[in-house]
Amino acid sequence: MSVLSATAQSQVEDKLVENKTLTRADLSELKTQSKDTGTPFFSMLVTSGKVTNEQLTKTIAQVSKVPYVNLLEAKVESKVLELLPKDVAERYMAVPLGEMQNRLVVAMLDADNVQAVDFLSNRIGRALRVYAASEEGIRQVLHQYDSKISDRVVDEIGQLGENVSVEMSASREEDIKKKVGSQESIKTIVQDSPISKALSTILEYAAKNNASDVHIEPLKESLKIRCRIDGILREIMVLPKSTEPPLVSRIKILASLKIDEHRIPQDGEFTINVVGKEIDLRISISPVVWGEQVVIRLLDKTGTSFKLEDMGYTGRSLRTIKKGLERTNGMILTSGPTGSGKSTSLYALLQEIKSDAVNIVTLEDPVEYKMDGINQIQVNADIGLTFGSGLRSILRQDPDIVMVGEIRDKETAELAVQASLTGHLVFSTLHTNSAAGILPRLLDMGIEPFLIASTVHVVIGQRLVRRNSKNAEEYQSGAAETVAVKEALSGLLPQDAKQIPDISKDLGHDNLPLAGDNAYTLKKGKDSPDSPGGYKGRMGLYEVFEVSEQIQQLILNRATSSEIQAQAQKEGMITMRQDGYLKALEGQTTVQEINRVASADSA
C-alpha cells in the first residue's frame, strides 16, 4: 500500500467515518494506540479488526480517485493470466484482468503511483488501464498462475511427440553408455531435454499445490496425469500417448532405475527443489495393460508442524496420549489406512518427548522426515536390513524409546513386544480400520493375549479430513445434518447452559451448542481456484483410548474389535465420527466431509 500524505490520510479517515465503517470515537482511540505502540496507523486499523484490508483499500482508492476492484473471489482465465508473465506480476504486485480498448487491464497494489505504473507499462511494452486492489486480492490471483497448468503448456508437452521418444529409447541409452560410461552422465546429457522440462512443470505444479501424490496413468490412446490434493485425486492434464515412453524413461533415470525393464515393478527415489523447498520423491512404477503406471509420493520436509495440538488432537484424546508418554515402557500404537497421517502422528509423539536425557532410535521405510536429535535408520531389504533384523540391532544401541515405522509381520510384532517388556517405550503403526481393531490384529499375528494386555498402553485410530477454507460462511444445519449430529454426539453435548464451560473444557472445544437445539451453526467454505470445493488443507480425526483393566480382560478373552470399541466408548473414548462432528460444530470442516471419511465402522 502506498504511503499517503498527511492530507490524503486525513481524507481517508473522514471517508471511513462518512461510510460508517468507523466512529469518531474508534478513530481517536486507534490513533492513540498507534502513537503509543509506534504501529503505522493504517496497520493498526486492520489489526484492530475495525476495518478490513479490503475496506481500507477501497477507501484509499476513492480518495486517490483510482478505480477499485475486489479480487478476493475473482477467477481469472489462464489465457488472461498469460497476458502478463508471472515473474513480472509477482515483482510489481500487479495482475492482469483482461483487455479493454487495446489496453491491458491490470490490478495493482500501488495503483496511484504514477512512476510505478509507467515503469510497468514500459517493462511489458503495453499501455495499461489500472485498478487498485488489496494485497490479499492480488495474491489470490497470483496463486491462480499455479492452480492450473495452462493449455499452452499442455500443447507444448504434447508436441514433444515421437522425436523425444526416439532420443530416450533403450537402444539410445546403450549408445550413450558406450560413449560416457555411467548412468550419472546420462542424467547430465538429458537434463535439458524438452521432456525434462515437461516433468519439471508437472512436479512444480504438484509441489506448489501441496499435492501428496502424482499419478501418471497410461490409457489406450493417451496419458492421464492426476494429482492427489487434500486427499482427492484431480486430473490436471491429458497428454498424447507418444509422450509416455520418454516421460517414464526420464523418471527412471532420475530414480536410478532400469530404463529397459518394463515387465516388473520398480521402486526408487530422488529429490527436487521447488521455490527454495527441498522435497523428497518416492517413485513406484508398475506394468499395467496399456504401459507403465508411475505413482510419485511427495514428501515435503518443510512446513510440517509436529505439535499434537496443531494436528487436531484435543480434549480427552490429547490427555490420554500425554499420560501414555509419561510411561518409560510399553507400547503406543496408531492405526489407519495408507495416507492417513500415522507416521506424522509418530513424529509428533517423538517431538513431544525428545530431549538430551533419552536415546531415541527409529526404524523406518522410508525415513519421511529427518529430525535432529533422533537416530533414524532406513530399512533396506535388499541388503537384509528388514524391520526384524533392524529391531534386533536397535536393542543393542541402548535406546530408551524405539519407533518402528510399521508392524507388518509376526517377527516384528514379537520383537516390538519384547522390547516394551524389557523397559523400552515403543511406538509403531498397524493397518486397521479403527483403534480397537489393533488389538485383535496383534492376536491374528500370533502374539499371546497376555503379552498384548501387559504391553499395549495407548491405542490411536485416525483419518484425515479436508479443512474449510478461510472464506467459510456460516449457515444453519438442515434437518438431516441436525439429526446426524444429535445421534453422533448423544450424551456428549451439554443439556443446559450451565454445563457448557465444563463440557467444552473436557472435550477441548469452545462454546459447544446445547444438545436440544433445533439447528446448529455450521460453516462451509466457498469454492475458488485456491480452495476447490471450499476446502484448503487437511487435519486429523482421532479416537484414542487407554488399555484399562477391563479392556485387558477382554483381550485375554480374545474379544472382537466391536466389543473392545464398545468398552472404550463406555470408558469415555471419543470416536473419530464424534471428533469430526465436534470439529464441524467449531467450523473447521463440514458434516459432509466427516460422513465421507469417517465410515460407519468408526462411528
# chains A, B, ... in the order shown; residues from 1 in each chain; ligands from 1
>>> residues_around(residues="A:Lys536", least_positions_apart="5", cutoff="9 Å", atoms="only C-alpha atoms", output="number ranges by chain")
A: 230, 466-470, 525, 530-531
>>> residues_around(residues="A:Glu563", least_positions_apart="6", cutoff="12 Å", atoms="only C-alpha atoms", output="list in words")
Ala436, Gly437, Leu439, Pro440, Gln550, Ile551, Gln552, Gln553, Leu554, Ile555, Asn557, Gln569 and Lys570 of chain A
>>> write_last_selection(atoms="all heavy atoms", output="mmCIF file, in the first residue's frame")
data_model
loop_
_atom_site.group_PDB
_atom_site.id
_atom_site.type_symbol
_atom_site.label_atom_id
_atom_site.label_comp_id
_atom_site.auth_asym_id
_atom_site.auth_seq_id
_atom_site.Cartn_x
_atom_site.Cartn_y
_atom_site.Cartn_z
ATOM 1 N N ALA A 436 -9.706 -49.797 17.958
ATOM 2 C CA ALA A 436 -9.995 -51.066 18.634
ATOM 3 C C ALA A 436 -9.533 -52.264 17.815
ATOM 4 O O ALA A 436 -9.264 -53.335 18.358
ATOM 5 C CB ALA A 436 -11.490 -51.172 18.922
ATOM 6 N N GLY A 437 -9.427 -52.095 16.492
ATOM 7 C CA GLY A 437 -9.019 -53.204 15.632
ATOM 8 C C GLY A 437 -7.558 -53.590 15.781
ATOM 9 O O GLY A 437 -7.143 -54.664 15.330
ATOM 10 N N LEU A 439 -5.876 -54.403 18.511
ATOM 11 C CA LEU A 439 -5.631 -55.478 19.475
ATOM 12 C C LEU A 439 -5.946 -56.858 18.883
ATOM 13 O O LEU A 439 -5.103 -57.768 18.968
ATOM 14 C CB LEU A 439 -6.406 -55.203 20.757
ATOM 15 C CG LEU A 439 -6.082 -53.819 21.368
ATOM 16 C CD1 LEU A 439 -6.973 -53.522 22.563
ATOM 17 C CD2 LEU A 439 -4.614 -53.743 21.779
ATOM 18 N N PRO A 440 -7.121 -57.064 18.232
ATOM 19 C CA PRO A 440 -7.353 -58.345 17.551
ATOM 20 C C PRO A 440 -6.356 -58.604 16.425
ATOM 21 O O PRO A 440 -6.008 -59.754 16.154
ATOM 22 C CB PRO A 440 -8.782 -58.193 17.007
ATOM 23 C CG PRO A 440 -9.425 -57.191 17.893
ATOM 24 C CD PRO A 440 -8.329 -56.230 18.239
ATOM 25 N N GLN A 550 -10.351 -53.442 32.371
ATOM 26 C CA GLN A 550 -11.495 -54.085 31.720
ATOM 27 C C GLN A 550 -11.160 -54.490 30.278
ATOM 28 O O GLN A 550 -11.537 -55.581 29.828
ATOM 29 C CB GLN A 550 -12.708 -53.146 31.717
ATOM 30 C CG GLN A 550 -13.330 -52.901 33.080
ATOM 31 C CD GLN A 550 -12.567 -51.849 33.893
ATOM 32 O OE1 GLN A 550 -11.560 -51.294 33.434
ATOM 33 N NE2 GLN A 550 -13.046 -51.567 35.101
ATOM 34 N N ILE A 551 -10.446 -53.601 29.567
ATOM 35 C CA ILE A 551 -10.068 -53.923 28.181
ATOM 36 C C ILE A 551 -9.006 -55.023 28.171
ATOM 37 O O ILE A 551 -9.019 -55.899 27.293
ATOM 38 C CB ILE A 551 -9.580 -52.649 27.447
ATOM 39 C CG1 ILE A 551 -10.758 -51.684 27.278
ATOM 40 C CG2 ILE A 551 -8.962 -53.001 26.095
ATOM 41 C CD1 ILE A 551 -10.400 -50.358 26.634
ATOM 42 N N GLN A 552 -8.102 -55.020 29.161
ATOM 43 C CA GLN A 552 -7.134 -56.111 29.265
ATOM 44 C C GLN A 552 -7.848 -57.453 29.405
ATOM 45 O O GLN A 552 -7.450 -58.453 28.788
ATOM 46 C CB GLN A 552 -6.211 -55.885 30.470
ATOM 47 C CG GLN A 552 -5.175 -54.791 30.266
ATOM 48 C CD GLN A 552 -4.313 -54.578 31.500
ATOM 49 O OE1 GLN A 552 -4.683 -54.990 32.601
ATOM 50 N NE2 GLN A 552 -3.168 -53.938 31.326
ATOM 51 N N GLN A 553 -8.924 -57.484 30.197
ATOM 52 C CA GLN A 553 -9.680 -58.721 30.391
ATOM 53 C C GLN A 553 -10.326 -59.172 29.088
ATOM 54 O O GLN A 553 -10.355 -60.372 28.771
ATOM 55 C CB GLN A 553 -10.746 -58.523 31.486
ATOM 56 C CG GLN A 553 -11.392 -59.815 31.969
ATOM 57 C CD GLN A 553 -10.369 -60.789 32.551
ATOM 58 O OE1 GLN A 553 -9.538 -60.420 33.369
ATOM 59 N NE2 GLN A 553 -10.397 -62.039 32.092
ATOM 60 N N LEU A 554 -10.820 -58.195 28.306
ATOM 61 C CA LEU A 554 -11.407 -58.530 27.008
ATOM 62 C C LEU A 554 -10.362 -59.139 26.075
ATOM 63 O O LEU A 554 -10.652 -60.073 25.320
ATOM 64 C CB LEU A 554 -12.011 -57.272 26.365
ATOM 65 C CG LEU A 554 -13.294 -56.718 26.992
ATOM 66 C CD1 LEU A 554 -13.685 -55.395 26.328
ATOM 67 C CD2 LEU A 554 -14.449 -57.716 26.839
ATOM 68 N N ILE A 555 -9.139 -58.585 26.104
ATOM 69 C CA ILE A 555 -8.061 -59.121 25.258
ATOM 70 C C ILE A 555 -7.753 -60.561 25.663
ATOM 71 O O ILE A 555 -7.598 -61.451 24.813
ATOM 72 C CB ILE A 555 -6.794 -58.242 25.388
ATOM 73 C CG1 ILE A 555 -7.059 -56.829 24.864
ATOM 74 C CG2 ILE A 555 -5.627 -58.860 24.616
ATOM 75 C CD1 ILE A 555 -5.954 -55.833 25.190
ATOM 76 N N ASN A 557 -9.678 -62.643 26.861
ATOM 77 C CA ASN A 557 -10.805 -63.486 26.408
ATOM 78 C C ASN A 557 -10.935 -63.499 24.892
ATOM 79 O O ASN A 557 -11.925 -63.999 24.363
ATOM 80 C CB ASN A 557 -12.117 -62.988 27.032
ATOM 81 C CG ASN A 557 -12.143 -63.172 28.536
ATOM 82 O OD1 ASN A 557 -11.474 -64.053 29.073
ATOM 83 N ND2 ASN A 557 -12.907 -62.329 29.231
ATOM 84 N N GLN A 569 -15.633 -46.849 24.466
ATOM 85 C CA GLN A 569 -16.608 -45.754 24.464
ATOM 86 C C GLN A 569 -17.276 -45.621 25.833
ATOM 87 O O GLN A 569 -17.531 -44.507 26.300
ATOM 88 C CB GLN A 569 -17.662 -45.990 23.382
ATOM 89 C CG GLN A 569 -17.161 -45.708 21.977
ATOM 90 C CD GLN A 569 -18.264 -45.851 20.937
ATOM 91 O OE1 GLN A 569 -18.229 -46.749 20.129
ATOM 92 N NE2 GLN A 569 -19.238 -44.970 20.980
ATOM 93 N N LYS A 570 -17.531 -46.749 26.459
ATOM 94 C CA LYS A 570 -18.145 -46.731 27.783
ATOM 95 C C LYS A 570 -17.226 -46.011 28.775
ATOM 96 O O LYS A 570 -17.690 -45.324 29.695
ATOM 97 C CB LYS A 570 -18.403 -48.173 28.233
ATOM 98 C CG LYS A 570 -19.138 -48.302 29.559
ATOM 99 C CD LYS A 570 -19.390 -49.774 29.881
ATOM 100 C CE LYS A 570 -20.063 -49.935 31.239
ATOM 101 N NZ LYS A 570 -20.252 -51.381 31.563
#
>>> closest_residue(among="A:Thr271, A:Gln397, A:Ser355, A:Ser428", to="A:Leu298", atoms="only C-alpha atoms")
A:Thr271
>>> closest_residue(among="A:Leu84, A:Ile460, A:Leu421, A:Ile202", to="A:Leu97", atoms="only C-alpha atoms")
A:Leu84
>>> closest_residue(among="A:Ala89, A:Val367, A:Ile500, A:Leu507", to="A:Tyr313", atoms="only C-alpha atoms")
A:Leu507
>>> residues_around(residues="stretch 42-47 of chain A", least_positions_apart="4", cutoff="10 Å", atoms="only C-alpha atoms", output="list in words")
Met1, Val3, Gln9, Val12, Glu13, Leu22, Asp26, Leu27, Leu30, Lys31, Gln33, Ser34, Lys35, Thr37, Gly38, Val51, Thr52, Asn53, Glu54, Gln55 and Leu56 of chain A
>>> residues_around(residues="A:Ile232", least_positions_apart="3", cutoff="12 Å", atoms="only C-alpha atoms", output="mmCIF file with C-alpha atoms, in the first residue's frame")
data_model
loop_
_atom_site.group_PDB
_atom_site.id
_atom_site.type_symbol
_atom_site.label_atom_id
_atom_site.label_comp_id
_atom_site.auth_asym_id
_atom_site.auth_seq_id
_atom_site.Cartn_x
_atom_site.Cartn_y
_atom_site.Cartn_z
ATOM 1 C CA ASN A 210 0.717 -29.215 -1.809
ATOM 2 C CA ALA A 211 -0.114 -32.452 -3.618
ATOM 3 C CA SER A 212 0.776 -35.658 -1.765
ATOM 4 C CA ASP A 213 0.979 -37.826 -4.896
ATOM 5 C CA VAL A 214 1.264 -37.569 -8.681
ATOM 6 C CA HIS A 215 -0.291 -40.353 -10.776
ATOM 7 C CA ARG A 226 -3.573 -36.663 -11.854
ATOM 8 C CA CYS A 227 -2.557 -35.115 -8.521
ATOM 9 C CA ARG A 228 -3.871 -36.021 -5.066
ATOM 10 C CA ILE A 229 -4.519 -32.698 -3.322
ATOM 11 C CA GLU A 235 -6.947 -34.622 -13.253
ATOM 12 C CA GLY A 339 -2.062 -41.832 3.770
ATOM 13 C CA LEU A 464 -7.590 -37.141 7.545
ATOM 14 C CA VAL A 465 -10.372 -34.733 6.500
ATOM 15 C CA ARG A 466 -10.261 -31.533 4.467
ATOM 16 C CA PRO A 532 -11.630 -26.227 -4.669
ATOM 17 C CA GLY A 533 -14.926 -27.308 -3.157
ATOM 18 C CA TYR A 535 -11.606 -26.751 1.272
ATOM 19 C CA LYS A 536 -7.947 -25.902 1.893
ATOM 20 C CA GLY A 537 -5.556 -28.201 3.763
ATOM 21 C CA ARG A 538 -6.301 -31.198 5.978
ATOM 22 C CA GLU A 593 -16.699 -34.299 4.752
ATOM 23 C CA ARG A 596 -17.272 -39.160 3.547
ATOM 24 C CA VAL A 597 -14.223 -40.069 5.618
#
>>> atom_distance(atom1="atom CA of A:Asp510", atom2="atom CA of A:Asn595")
22.3 Å
>>> residues_around(residues="A:Val114", least_positions_apart="5", cutoff="12 Å", atoms="only C-alpha atoms", output="VMD selection string")
chain A and resid 2 64 66 108 119 to 121 128 to 130
>>> select_by_dssp(residues="stretch 170-387 of chain A", states="strand (DSSP E or B)", output="PyMOL selection string")
chain A and resi 211-218+222-229+232-240+266-274+277-288+291-300+330-335+360-364+375-378+380+385
>>> residues_around(residues="A:Ile195", least_positions_apart="2", cutoff="7 Å", atoms="only C-alpha atoms", output="list of chain:residue names")
A:Ser193, A:Lys197, A:Ala198, A:Leu199, A:Pro246, A:Leu247
>>> write_last_selection(atoms="C-alpha atoms", output="tab-separated table (two decimals), in the first residue's frame")
chain	number	residue	atom	x	y	z
A	193	SER	CA	15.70	-32.07	-22.95
A	197	LYS	CA	11.05	-29.53	-18.78
A	198	ALA	CA	7.68	-31.28	-19.07
A	199	LEU	CA	8.37	-33.37	-15.97
A	246	PRO	CA	10.12	-40.62	-22.81
A	247	LEU	CA	8.39	-39.33	-19.66
>>> residues_around(residues="stretch 471-486 of chain A", least_positions_apart="2", cutoff="10 Å", atoms="only C-alpha atoms", output="PDB file with C-alpha atoms, in the first residue's frame")
ATOM      1  CA  LEU A  72     -10.852 -11.948  -3.224  1.00  0.00           C
ATOM      2  CA  GLU A  73     -13.162 -14.279  -5.139  1.00  0.00           C
ATOM      3  CA  ARG A 467     -10.416 -28.224   6.333  1.00  0.00           C
ATOM      4  CA  ASN A 468     -12.806 -25.417   5.464  1.00  0.00           C
ATOM      5  CA  SER A 469     -11.088 -22.561   3.646  1.00  0.00           C
ATOM      6  CA  ALA A 488     -23.416 -38.996  16.908  1.00  0.00           C
ATOM      7  CA  LEU A 489     -22.974 -36.677  19.893  1.00  0.00           C
ATOM      8  CA  SER A 490     -25.715 -38.127  22.073  1.00  0.00           C
ATOM      9  CA  GLY A 491     -24.596 -37.867  25.691  1.00  0.00           C
ATOM     10  CA  LEU A 492     -21.666 -35.558  24.901  1.00  0.00           C
ATOM     11  CA  LEU A 493     -23.266 -32.161  24.244  1.00  0.00           C
ATOM     12  CA  LEU A 514     -26.881 -27.436  23.572  1.00  0.00           C
ATOM     13  CA  ALA A 515     -27.972 -30.990  22.797  1.00  0.00           C
ATOM     14  CA  GLY A 516     -31.608 -29.877  22.480  1.00  0.00           C
ATOM     15  CA  ASP A 517     -31.035 -27.153  19.848  1.00  0.00           C
ATOM     16  CA  ASN A 518     -33.289 -27.437  16.796  1.00  0.00           C
ATOM     17  CA  ALA A 519     -30.425 -26.453  14.463  1.00  0.00           C
ATOM     18  CA  TYR A 520     -26.679 -25.925  14.717  1.00  0.00           C
ATOM     19  CA  THR A 521     -24.481 -23.182  13.308  1.00  0.00           C
ATOM     20  CA  LEU A 522     -22.096 -24.775  10.813  1.00  0.00           C
ATOM     21  CA  LYS A 523     -19.652 -23.426   8.225  1.00  0.00           C
ATOM     22  CA  LYS A 524     -18.882 -24.190   4.603  1.00  0.00           C
ATOM     23  CA  GLY A 525     -16.056 -22.710   2.521  1.00  0.00           C
ATOM     24  CA  LYS A 526     -16.548 -21.040  -0.847  1.00  0.00           C
ATOM     25  CA  ASP A 527     -15.386 -22.790  -3.989  1.00  0.00           C
ATOM     26  CA  SER A 528     -12.431 -20.924  -5.540  1.00  0.00           C
ATOM     27  CA  SER A 531      -9.813 -23.749  -2.364  1.00  0.00           C
ATOM     28  CA  GLY A 534     -14.430 -24.779  -0.370  1.00  0.00           C
ATOM     29  CA  TYR A 535     -11.606 -26.751   1.272  1.00  0.00           C
ATOM     30  CA  ARG A 577     -17.012 -39.622  13.850  1.00  0.00           C
ATOM     31  CA  GLN A 578     -17.756 -37.807  17.115  1.00  0.00           C
ATOM     32  CA  GLY A 580     -15.328 -34.962  13.379  1.00  0.00           C
ATOM     33  CA  TYR A 581     -18.756 -33.615  14.273  1.00  0.00           C
ATOM     34  CA  LEU A 582     -17.285 -31.648  17.197  1.00  0.00           C
ATOM     35  CA  ALA A 584     -17.654 -29.371  12.305  1.00  0.00           C
ATOM     36  CA  LEU A 585     -19.544 -27.537  15.085  1.00  0.00           C
ATOM     37  CA  GLY A 587     -16.497 -24.575  11.783  1.00  0.00           C
ATOM     38  CA  GLN A 588     -13.251 -26.381  10.995  1.00  0.00           C
ATOM     39  CA  THR A 589     -14.807 -28.742   8.436  1.00  0.00           C
ATOM     40  CA  THR A 590     -18.219 -29.879   7.154  1.00  0.00           C
ATOM     41  CA  VAL A 591     -20.624 -32.636   8.137  1.00  0.00           C
ATOM     42  CA  GLN A 592     -20.482 -33.916   4.532  1.00  0.00           C
ATOM     43  CA  ASN A 595     -19.549 -38.548   6.559  1.00  0.00           C
TER      44      ASN A 595
END
>>> closest_residue(among="A:Arg558, A:Lys79, A:His457, A:Arg250", to="A:Lys323", atoms="only C-alpha atoms")
A:His457
>>> select_by_dssp(residues="stretch 276-475 of chain A", states="helix (DSSP H, G or I)", output="PyMOL selection string")
chain A and resi 315-325+342-353+381-383+387-394+410-421+438-444+449-455
